[in-house]
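Take a look at the structure set out below.
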Amino acid sequence: MLIGAHVSPAGGLVKALERGVERDCAAIQIFNQSPRAWRTTRYGVQDFAAFREARAGGPIEAVVIHAVYLINAANKDPEIRRKSLESLTHALRIGDGIGAAGVVVHPGSAVGDPKDEAMARIVEAIDTALGETQSCPLLLEDTAGAGQTIGRTFEELAALIEGAADEHAGRLGVCLDCCHLLASGYDVSDAARLAAVVDDFESVVGLDRLRCLHVNDSQTGLGSNRDRHANLGDGELGREGIAAFLSEPRFDGLPAVLETPGREGKGPDAAEIAWARRLREDGIAARA
């Protein structure tokens, strides 16, 4: 498992690598632009080349991009859909440029419309964005299930993937967040319950689609439908639940990115990365 953290690319893409190395990360996740604004970044060929050169031979084995929170390709408002498509395509192009393992995106929200119509709009955006980019995978993240968000169940994620054009099938995957799983009603609080949930995912979506993990404890309980991250071991999943998630054998080899608040409210640091590795060891020992 490639344990790492979400880090800032402030000052340039190479700075994100440096911050990952400082935290002893094996994987990093970055925003390709401000997560709460439509304004795109102007990274170019030289930025991508510098990033690839700085990463070569280093300890960062996987880089993931998180698309901006504003994206909602399910919305029928043409302006929001246009901006969402442009932003998603921009993120995938940066992913192509830096050799990212994928772009993680929240599928969207129906915003009062019939869910089947909203999901059809998401599929259309997926096909368009993948058709205008080269090879970077697009990873649909499971959601906590608030309101009319789409992606709260494995069935919804599978439907989006299956709805996309056949030529894009190989570039579509899933990112699972343990906080979101709990909040949306999947009990992953210990190894046995998690194993049953992973069995379900394997049956409905397929383990070959799982490309990334987000590792966050949850401030709110099972089925709360609220996305509230907590530091590892400090929430409803607790030490046992996080240790189980980090040590699930079918997750081996995947990027596992911490998006926690951090002990000082500045995101995960080296101490929390070390704590995650310790929890993984505890989980492996408990399974022995």
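Going through the structure tokens in order, the chains are called A, B, and so on, while each chain numbers its residues from 1 and the ligands are numbered from 1 in the order shown.
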Please return, as number ranges by chain, all residues of range 40-245 of chain A that DSSP assigns to strand (DSSP E) on the basis of the backbone. A: 62-66, 102-105, 108-109, 138-141, 149-150, 172-177, 210-215, 217-218, 229-230
Give me a file of those residues, with N, CA and C atoms, as a tab-separated table (two decimals), in the first residue's frame.
chain	number	residue	atom	x	y	z
A	62	ALA	N	3.22	7.25	-6.65
A	62	ALA	CA	1.95	7.53	-7.32
A	62	ALA	C	1.53	8.97	-7.03
A	63	VAL	N	0.98	9.62	-8.05
A	63	VAL	CA	0.46	10.98	-7.92
A	63	VAL	C	-0.98	10.97	-8.40
A	64	VAL	N	-1.87	11.50	-7.59
A	64	VAL	CA	-3.29	11.57	-7.93
A	64	VAL	C	-3.71	13.04	-7.93
A	65	ILE	N	-4.56	13.42	-8.85
A	65	ILE	CA	-5.14	14.76	-8.90
A	65	ILE	C	-6.58	14.68	-8.40
A	66	HIS	N	-6.97	15.65	-7.57
A	66	HIS	CA	-8.37	15.76	-7.17
A	66	HIS	C	-8.98	16.93	-7.92
A	102	GLY	N	-4.37	9.06	-11.77
A	102	GLY	CA	-5.78	9.29	-12.02
A	102	GLY	C	-6.22	10.66	-11.54
A	103	VAL	N	-7.38	11.08	-12.04
A	103	VAL	CA	-8.07	12.28	-11.57
A	103	VAL	C	-9.30	11.82	-10.81
A	104	VAL	N	-9.37	12.16	-9.52
A	104	VAL	CA	-10.52	11.81	-8.68
A	104	VAL	C	-11.56	12.92	-8.80
A	105	VAL	N	-12.82	12.51	-9.01
A	105	VAL	CA	-13.89	13.49	-9.12
A	105	VAL	C	-15.12	12.99	-8.39
A	108	GLY	N	-21.34	14.05	-8.82
A	108	GLY	CA	-22.26	15.17	-8.99
A	108	GLY	C	-23.53	14.99	-8.19
A	109	SER	N	-24.46	15.91	-8.41
A	109	SER	CA	-25.73	15.90	-7.68
A	109	SER	C	-26.88	16.15	-8.65
A	138	LEU	N	-9.81	8.36	-15.06
A	138	LEU	CA	-10.77	9.15	-14.32
A	138	LEU	C	-11.36	8.26	-13.24
A	139	LEU	N	-11.26	8.70	-11.98
A	139	LEU	CA	-11.66	7.89	-10.84
A	139	LEU	C	-12.86	8.52	-10.15
A	140	LEU	N	-13.98	7.84	-10.16
A	140	LEU	CA	-15.20	8.33	-9.53
A	140	LEU	C	-15.16	8.01	-8.05
A	141	GLU	N	-15.33	9.05	-7.22
A	141	GLU	CA	-15.25	8.85	-5.77
A	141	GLU	C	-16.63	8.58	-5.18
A	149	THR	N	-26.78	13.67	-3.99
A	149	THR	CA	-25.49	13.32	-4.57
A	149	THR	C	-25.55	11.93	-5.19
A	150	ILE	N	-24.81	11.77	-6.26
A	150	ILE	CA	-24.75	10.51	-7.00
A	150	ILE	C	-23.40	9.86	-6.71
A	172	LEU	N	-11.59	4.23	-16.78
A	172	LEU	CA	-12.51	4.54	-15.71
A	172	LEU	C	-12.28	3.65	-14.49
A	173	GLY	N	-12.23	4.29	-13.33
A	173	GLY	CA	-12.04	3.55	-12.09
A	173	GLY	C	-12.76	4.22	-10.95
A	174	VAL	N	-12.47	3.75	-9.74
A	174	VAL	CA	-13.14	4.23	-8.54
A	174	VAL	C	-12.11	4.56	-7.47
A	175	CYS	N	-12.41	5.59	-6.70
A	175	CYS	CA	-11.67	5.92	-5.48
A	175	CYS	C	-12.64	5.75	-4.32
A	176	LEU	N	-12.28	4.91	-3.35
A	176	LEU	CA	-13.12	4.68	-2.18
A	176	LEU	C	-12.56	5.44	-0.98
A	177	ASP	N	-13.44	6.16	-0.31
A	177	ASP	CA	-13.11	6.92	0.90
A	177	ASP	C	-13.79	6.23	2.08
A	210	LEU	N	-10.95	-0.54	-8.80
A	210	LEU	CA	-10.49	0.20	-7.62
A	210	LEU	C	-9.04	0.63	-7.83
A	211	ARG	N	-8.82	1.94	-7.91
A	211	ARG	CA	-7.49	2.46	-8.25
A	211	ARG	C	-6.89	3.35	-7.17
A	212	CYS	N	-7.69	3.78	-6.20
A	212	CYS	CA	-7.20	4.74	-5.21
A	212	CYS	C	-8.06	4.65	-3.96
A	213	LEU	N	-7.48	5.01	-2.80
A	213	LEU	CA	-8.18	5.06	-1.52
A	213	LEU	C	-7.99	6.43	-0.89
A	214	HIS	N	-9.03	6.92	-0.23
A	214	HIS	CA	-8.92	8.08	0.64
A	214	HIS	C	-9.10	7.59	2.06
A	215	VAL	N	-8.17	7.95	2.92
A	215	VAL	CA	-8.16	7.42	4.29
A	215	VAL	C	-8.45	8.56	5.26
A	217	ASP	N	-10.85	9.33	9.01
A	217	ASP	CA	-11.83	8.94	10.00
A	217	ASP	C	-13.04	9.86	9.83
A	218	SER	N	-14.14	9.52	10.49
A	218	SER	CA	-15.39	10.25	10.30
A	218	SER	C	-15.90	10.85	11.61
A	229	HIS	N	-14.57	14.88	7.84
A	229	HIS	CA	-13.34	14.13	8.09
A	229	HIS	C	-12.82	14.37	9.51
A	230	ALA	N	-12.20	13.33	10.05
A	230	ALA	CA	-11.51	13.41	11.34
A	230	ALA	C	-10.14	12.79	11.19
Residues of range 1-108 of chain A that approach range 248-271 of chain A to 10 Å or less, counting only C-alpha atoms: could you list each one with the shortest pair of atoms and its distance in Å to one decimal, rows by chain and increasing residue number, as a Markdown table?
| residue | atom | partner | partner_atom | distance |
| --- | --- | --- | --- | --- |
| A:Met1 | CA | A:Gly253 | CA | 4.3 |
| A:Leu2 | CA | A:Pro255 | CA | 4.6 |
| A:Ile3 | CA | A:Ala256 | CA | 4.8 |
| A:Gly4 | CA | A:Val257 | CA | 4.9 |
| A:Ala5 | CA | A:Leu258 | CA | 4.5 |
| A:His6 | CA | A:Glu259 | CA | 5.7 |
| A:Val7 | CA | A:Gly267 | CA | 7.9 |
| A:Ser8 | CA | A:Gly267 | CA | 9.6 |
| A:Arg19 | CA | A:Asp269 | CA | 9.3 |
| A:Gly20 | CA | A:Ala270 | CA | 9.0 |
| A:Val21 | CA | A:Ala270 | CA | 9.2 |
| A:Glu22 | CA | A:Ala270 | CA | 7.1 |
| A:Arg23 | CA | A:Ala270 | CA | 4.0 |
| A:Asp24 | CA | A:Ala270 | CA | 6.1 |
| A:Cys25 | CA | A:Ala270 | CA | 8.0 |
| A:Ala26 | CA | A:Pro255 | CA | 7.9 |
| A:Ala27 | CA | A:Pro255 | CA | 5.9 |
| A:Ile28 | CA | A:Val257 | CA | 6.7 |
| A:Gln29 | CA | A:Val257 | CA | 6.8 |
| A:Glu61 | CA | A:Pro255 | CA | 8.5 |
| A:Ala62 | CA | A:Pro255 | CA | 6.5 |
| A:Val63 | CA | A:Pro255 | CA | 8.2 |
| A:Val64 | CA | A:Pro255 | CA | 8.3 |
| A:Ala101 | CA | A:Pro255 | CA | 8.8 |
If we count only C-alpha atoms, what is near Ala54 in chain A at a cut-off of 9 Å, once residues fewer than 6 positions away on the same chain are taken out, given as an mmCIF file with C-alpha atoms, in the first residue's frame?
data_model
loop_
_atom_site.group_PDB
_atom_site.id
_atom_site.type_symbol
_atom_site.label_atom_id
_atom_site.label_comp_id
_atom_site.auth_asym_id
_atom_site.auth_seq_id
_atom_site.Cartn_x
_atom_site.Cartn_y
_atom_site.Cartn_z
ATOM 1 C CA VAL A 14 7.563 20.403 -8.056
ATOM 2 C CA LEU A 17 6.644 16.595 -4.628
ATOM 3 C CA GLU A 18 8.922 18.271 -2.101
#
For range 107-208 of chain A against range 82-86 of chain A, with a cut-off of 8 Å and counting only C-alpha atoms, what is the closest atom pair and its distance in Å to one decimal for every residue that makes the cut, ordered by chain and number, as a Markdown table?
| residue | atom | partner | partner_atom | distance |
| --- | --- | --- | --- | --- |
| A:Ala125 | CA | A:Leu85 | CA | 6.1 |
| A:Thr128 | CA | A:Leu85 | CA | 7.9 |
| A:Ala129 | CA | A:Leu85 | CA | 6.6 |
Written selection (C-alpha atoms) as a short mmCIF file (atom, residue, chain, number, x, y, z; two decimals), in the first residue's frame:
data_model
loop_
_atom_site.label_atom_id
_atom_site.label_comp_id
_atom_site.auth_asym_id
_atom_site.auth_seq_id
_atom_site.Cartn_x
_atom_site.Cartn_y
_atom_site.Cartn_z
CA ALA A 125 -19.51 14.50 -19.66
CA THR A 128 -16.55 13.96 -23.73
CA ALA A 129 -13.72 14.62 -21.26
#
So which residues touch Thr41 in chain A within 12 Å, counting only C-alpha atoms, skipping near sequence neighbours fewer than 2 positions away, as a count of residues only? 22
